[in-house]
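Listing of final-v1.csv; format and content: CSV, C-alpha atoms.
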chain,number,residue,atom,x,y,z
A,1,MET,CA,-37.3,12.1,-27.6
A,2,PHE,CA,-34.3,10.1,-26.1
A,3,ALA,CA,-32.6,7.2,-27.8
A,4,GLY,CA,-31.9,4.0,-25.8
A,5,LYS,CA,-28.3,4.9,-24.9
A,6,GLU,CA,-29.1,8.5,-24.0
A,7,MET,CA,-32.0,7.2,-21.8
A,8,GLU,CA,-29.6,4.9,-19.9
A,9,GLN,CA,-27.2,7.7,-19.3
A,10,LEU,CA,-30.0,9.9,-18.1
A,11,ILE,CA,-31.2,7.2,-15.7
A,12,ASP,CA,-27.6,6.6,-14.5
A,13,SER,CA,-27.2,10.4,-13.9
A,14,ILE,CA,-30.4,10.5,-11.9
A,15,GLU,CA,-29.4,7.5,-9.9
A,16,SER,CA,-26.0,9.1,-9.1
A,17,LEU,CA,-27.8,12.3,-8.0
A,18,ARG,CA,-30.2,10.4,-5.8
A,19,GLN,CA,-27.3,8.6,-4.1
A,20,GLY,CA,-25.6,11.9,-3.6
A,21,VAL,CA,-28.7,13.4,-2.0
A,22,GLN,CA,-29.1,10.4,0.2
A,23,ALA,CA,-25.4,10.6,1.3
A,24,CYS,CA,-25.9,14.3,2.1
A,25,ARG,CA,-29.0,13.5,4.2
A,26,GLN,CA,-27.0,10.9,6.1
A,27,LEU,CA,-24.1,13.3,6.8
A,28,SER,CA,-26.5,16.1,7.9
A,29,ALA,CA,-28.0,13.6,10.4
A,30,LEU,CA,-24.7,13.2,12.2
A,31,ASN,CA,-24.3,15.1,15.4
A,32,THR,CA,-21.3,17.4,16.1
A,33,VAL,CA,-19.3,14.7,17.9
A,34,GLN,CA,-19.8,12.2,15.1
A,35,LYS,CA,-18.8,14.8,12.5
A,36,ALA,CA,-15.7,15.6,14.5
A,37,MET,CA,-14.7,12.0,14.8
A,38,LEU,CA,-15.4,11.5,11.0
A,39,SER,CA,-13.2,14.5,10.3
A,40,CYS,CA,-10.4,13.1,12.5
A,41,CYS,CA,-10.6,9.7,10.8
A,42,VAL,CA,-10.4,11.4,7.4
A,43,VAL,CA,-7.3,13.3,8.6
A,44,GLY,CA,-5.8,10.1,9.9
A,45,MET,CA,-6.5,8.3,6.7
A,46,ARG,CA,-4.9,11.1,4.6
A,47,LEU,CA,-1.7,10.9,6.8
A,48,GLU,CA,-1.7,7.1,6.5
A,49,LEU,CA,-2.1,7.3,2.7
A,50,LYS,CA,0.9,9.7,2.5
A,51,HIS,CA,2.9,7.3,4.6
A,52,ILE,CA,2.0,4.3,2.5
A,53,SER,CA,2.7,6.2,-0.7
A,54,LYS,CA,6.1,7.2,0.5
A,55,HIS,CA,6.9,3.6,1.5
A,56,ILE,CA,5.8,2.3,-1.9
A,57,THR,CA,7.8,4.9,-3.7
A,58,ASP,CA,10.9,4.1,-1.5
A,59,ALA,CA,10.4,0.4,-2.1
A,60,CYS,CA,10.1,0.9,-5.9
A,61,ASN,CA,13.3,2.9,-5.9
A,62,GLY,CA,15.1,0.3,-3.8
A,63,ASN,CA,15.3,2.4,-0.7
A,64,TYR,CA,14.2,0.3,2.3
A,65,ASN,CA,15.7,2.6,5.0
A,66,ASN,CA,12.3,4.0,6.3
A,67,CYS,CA,10.5,0.7,6.6
A,68,ASN,CA,11.1,0.5,10.4
A,69,GLN,CA,9.3,3.9,11.0
A,70,PRO,CA,5.8,4.1,12.4
A,71,PRO,CA,3.0,5.7,10.4
A,72,SER,CA,3.7,9.4,10.0
A,73,CYS,CA,0.9,10.4,12.3
A,74,PHE,CA,2.8,8.7,15.2
A,75,LEU,CA,6.1,10.5,14.6
A,76,SER,CA,5.6,13.2,17.3
A,77,ALA,CA,4.0,13.2,20.7
A,78,ILE,CA,0.3,14.0,20.8
A,79,LYS,CA,-0.3,17.6,21.7
A,80,SER,CA,-4.1,18.0,21.2
A,81,LYS,CA,-7.4,16.3,21.6
A,82,GLU,CA,-7.8,16.2,17.8
A,83,GLU,CA,-4.5,14.3,17.5
A,84,LEU,CA,-5.5,12.0,20.3
A,85,ASP,CA,-8.8,11.3,18.4
A,86,VAL,CA,-6.9,10.6,15.2
A,87,MET,CA,-4.6,8.2,17.0
A,88,GLU,CA,-7.6,6.4,18.7
A,89,CYS,CA,-9.3,6.2,15.3
A,90,SER,CA,-6.2,4.9,13.6
A,91,LEU,CA,-5.6,2.3,16.3
A,92,SER,CA,-9.1,0.9,15.8
A,93,ASN,CA,-7.7,-0.6,12.6
A,94,LYS,CA,-6.1,-4.0,13.7
A,95,ASP,CA,-3.3,-3.6,11.1
A,96,HIS,CA,-2.3,-0.2,12.5
A,97,MET,CA,-2.4,-1.5,16.0
A,98,ARG,CA,-0.2,-4.5,15.1
A,99,CYS,CA,2.2,-2.3,13.2
A,100,MET,CA,2.5,0.2,16.1
A,101,ILE,CA,3.1,-2.7,18.6
A,102,GLU,CA,5.8,-4.2,16.3
A,103,TRP,CA,7.4,-0.8,15.8
A,104,ILE,CA,7.4,-0.1,19.6
A,105,ASN,CA,8.8,-3.5,20.4
A,106,ARG,CA,11.7,-2.9,17.9
A,107,THR,CA,12.5,0.6,19.1
A,108,GLN,CA,11.8,0.4,22.9
A,109,LYS,CA,14.9,-1.0,24.6
A,110,LEU,CA,13.7,-0.8,28.1
A,111,ARG,CA,12.9,-4.2,29.6
A,112,LYS,CA,11.5,-3.5,33.0
A,113,LYS,CA,7.7,-3.2,32.5
A,114,GLU,CA,7.2,0.0,34.6
A,115,ASN,CA,10.1,1.8,32.9
A,116,ARG,CA,8.8,0.6,29.5
A,117,LEU,CA,5.3,1.9,30.1
A,118,ASN,CA,6.6,5.2,31.4
A,119,GLY,CA,8.8,5.7,28.4
A,120,LEU,CA,6.1,4.6,26.0
A,121,PHE,CA,3.5,6.9,27.6
A,122,TYR,CA,5.7,10.0,27.3
A,123,MET,CA,6.9,9.0,23.8
A,124,LEU,CA,3.3,9.0,22.6
A,125,LEU,CA,1.8,11.9,24.7
A,126,ASP,CA,3.2,15.3,25.2
A,127,ARG,CA,3.6,16.1,28.9
A,128,SER,CA,2.0,19.6,28.7
A,129,PHE,CA,-1.0,18.1,26.9
A,130,LEU,CA,-1.4,15.5,29.6
A,131,LEU,CA,-2.2,18.3,32.0
A,132,ASN,CA,-5.5,18.6,30.1
A,133,CYS,CA,-6.4,15.0,30.7
A,134,SER,CA,-7.8,12.9,33.5
A,135,TRP,CA,-8.9,9.3,33.7
A,136,LEU,CA,-12.6,10.2,34.1
A,137,GLY,CA,-12.5,13.6,32.4
A,138,GLN,CA,-13.8,15.3,35.5
A,139,LYS,CA,-13.6,19.1,36.0
A,140,TYR,CA,-10.7,20.5,38.0
A,141,LYS,CA,-11.1,24.1,39.3
A,142,GLY,CA,-14.0,24.5,36.9
A,143,VAL,CA,-12.1,23.4,33.8
A,144,SER,CA,-13.2,20.2,32.0
A,145,LYS,CA,-10.5,17.6,31.4
A,146,ILE,CA,-10.2,15.2,28.5
A,147,HIS,CA,-11.7,11.8,29.4
A,148,PHE,CA,-8.6,9.6,28.9
A,149,GLY,CA,-10.3,6.4,30.1
A,150,LYS,CA,-12.5,6.3,27.0
A,151,TYR,CA,-9.5,6.0,24.6
A,152,THR,CA,-9.6,2.2,24.8
A,153,ASN,CA,-7.4,1.6,21.7
A,154,LEU,CA,-4.6,3.7,23.0
A,155,ILE,CA,-4.9,2.0,26.4
A,156,SER,CA,-4.8,-1.3,24.6
A,157,LEU,CA,-1.6,-0.2,22.7
A,158,LEU,CA,0.0,0.7,26.1
A,159,HIS,CA,-1.1,-2.6,27.6
A,160,ASN,CA,0.1,-4.7,24.7
A,161,SER,CA,3.4,-2.8,24.2
A,162,SER,CA,4.5,-2.6,27.8
A,163,GLY,CA,3.7,-6.2,28.9
A,164,MET,CA,1.7,-4.9,31.9
A,165,ASN,CA,-1.9,-6.0,32.4
A,166,GLY,CA,-4.9,-3.6,31.9
A,167,THR,CA,-5.3,-2.9,35.6
A,168,GLU,CA,-1.6,-1.9,36.0
A,169,VAL,CA,-1.8,0.4,32.9
A,170,GLU,CA,-5.0,2.0,34.3
A,171,LYS,CA,-3.3,2.5,37.7
A,172,PHE,CA,-0.3,4.1,36.0
A,173,ILE,CA,-2.5,6.5,34.0
A,174,LYS,CA,-4.5,7.5,37.1
A,175,CYS,CA,-1.4,8.5,39.0
Can I see the file as structure tokens?
Amino acid sequence: MFAGKEMEQLIDSIESLRQGVQACRQLSALNTVQKAMLSCCVVGMRLELKHISKHITDACNGNYNNCNQPPSCFLSAIKSKEELDVMECSLSNKDHMRCMIEWINRTQKLRKKENRLNGLFYMLLDRSFLLNCSWLGQKYKGVSKIHFGKYTNLISLLHNSSGMNGTEVEKFIKC
């Protein structure tokens, strides 16, 4: 019926299909929040891949002018919860965190810790978006706020880039 090579190909195809079905079952078991976070991470990875590809192309062409820029997903202030989730997910990668801290340290000229944190905070986060956030995410006048306190990687970035301790950063954010 089937020759040895054809049988191996058929077995490989069946195994690939089985793995695909298993992956689909795992994805369908994710809850809505996990799916949203996964989606945000995928968007962040796509942005990062574009950024890396551009730097590789620039380097291959001898153009090193853009090497001091942050990853493309950090080039504008965050204006939505989705962008905040992407940044949080990206900062969970130690290399991304290190690169962001290095970039901030090169570009931020403010030396006084409080001024540095203030400048950093408003460089990363859009002021109008911040109206939708609170430290604990509690409702205000019946409207739920984004729970800013749970974004530990972003808070760590602020802490490590400003020179202020975690308590001082938390106090600043709560004000």
Taking only C-alpha atoms into account, which of A:Thr32, A:Asn118, A:Ser162, A:Ser16 comes nearest Asn105 in chain A? A:Ser162
Tell me which protein, DNA and RNA residues are within 12 Å of Thr107 in chain A, counting only C-alpha atoms, leaving out same-chain ones fewer than 2 positions away, and put them as a short mmCIF file (atom, residue, chain, number, x, y, z; two decimals) with C-alpha atoms, keeping the file's coordinate frame.
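Saved to out-v6.cif:
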data_model
loop_
_atom_site.label_atom_id
_atom_site.label_comp_id
_atom_site.auth_asym_id
_atom_site.auth_seq_id
_atom_site.Cartn_x
_atom_site.Cartn_y
_atom_site.Cartn_z
CA ASN A 68 11.10 0.50 10.40
CA GLN A 69 9.30 3.90 11.00
CA PRO A 70 5.80 4.10 12.40
CA MET A 100 2.50 0.20 16.10
CA ILE A 101 3.10 -2.70 18.60
CA GLU A 102 5.80 -4.20 16.30
CA TRP A 103 7.40 -0.80 15.80
CA ILE A 104 7.40 -0.10 19.60
CA ASN A 105 8.80 -3.50 20.40
CA LYS A 109 14.90 -1.00 24.60
CA LEU A 110 13.70 -0.80 28.10
CA ARG A 111 12.90 -4.20 29.60
CA ARG A 116 8.80 0.60 29.50
CA GLY A 119 8.80 5.70 28.40
CA LEU A 120 6.10 4.60 26.00
CA MET A 123 6.90 9.00 23.80
CA SER A 161 3.40 -2.80 24.20
#
Pairwise distance for CA of Ser156 in chain A and CA of Gln138 in chain A, rounded to one decimal in Å: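 Taking CA of Ser156 in chain A as the start and CA of Gln138 in chain A as the end point, the length is 21.8 Å.
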In Å and to one decimal, CA of His96 in chain A is distant from CA of Asn160 in chain A by 13.2 Å
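The spacing separating CA of Ile78 in chain A from CA of Gly142 in chain A amounts to 24.0 Å.
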Applying 12 Å and all atoms listed in the file, which residues near Lys81 in chain A remain after dropping the ones on its own chain fewer than 2 positions away? List them as a ChimeraX atom specification. /A:36-37,40,77-79,83-88,125-126,129-133,145-148,151
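Here the question is which of A:Leu157, A:Cys89, A:Leu136, A:Met164 gets nearest to Asn115 in chain A using all atoms listed in the file, and that residue is A:Met164.
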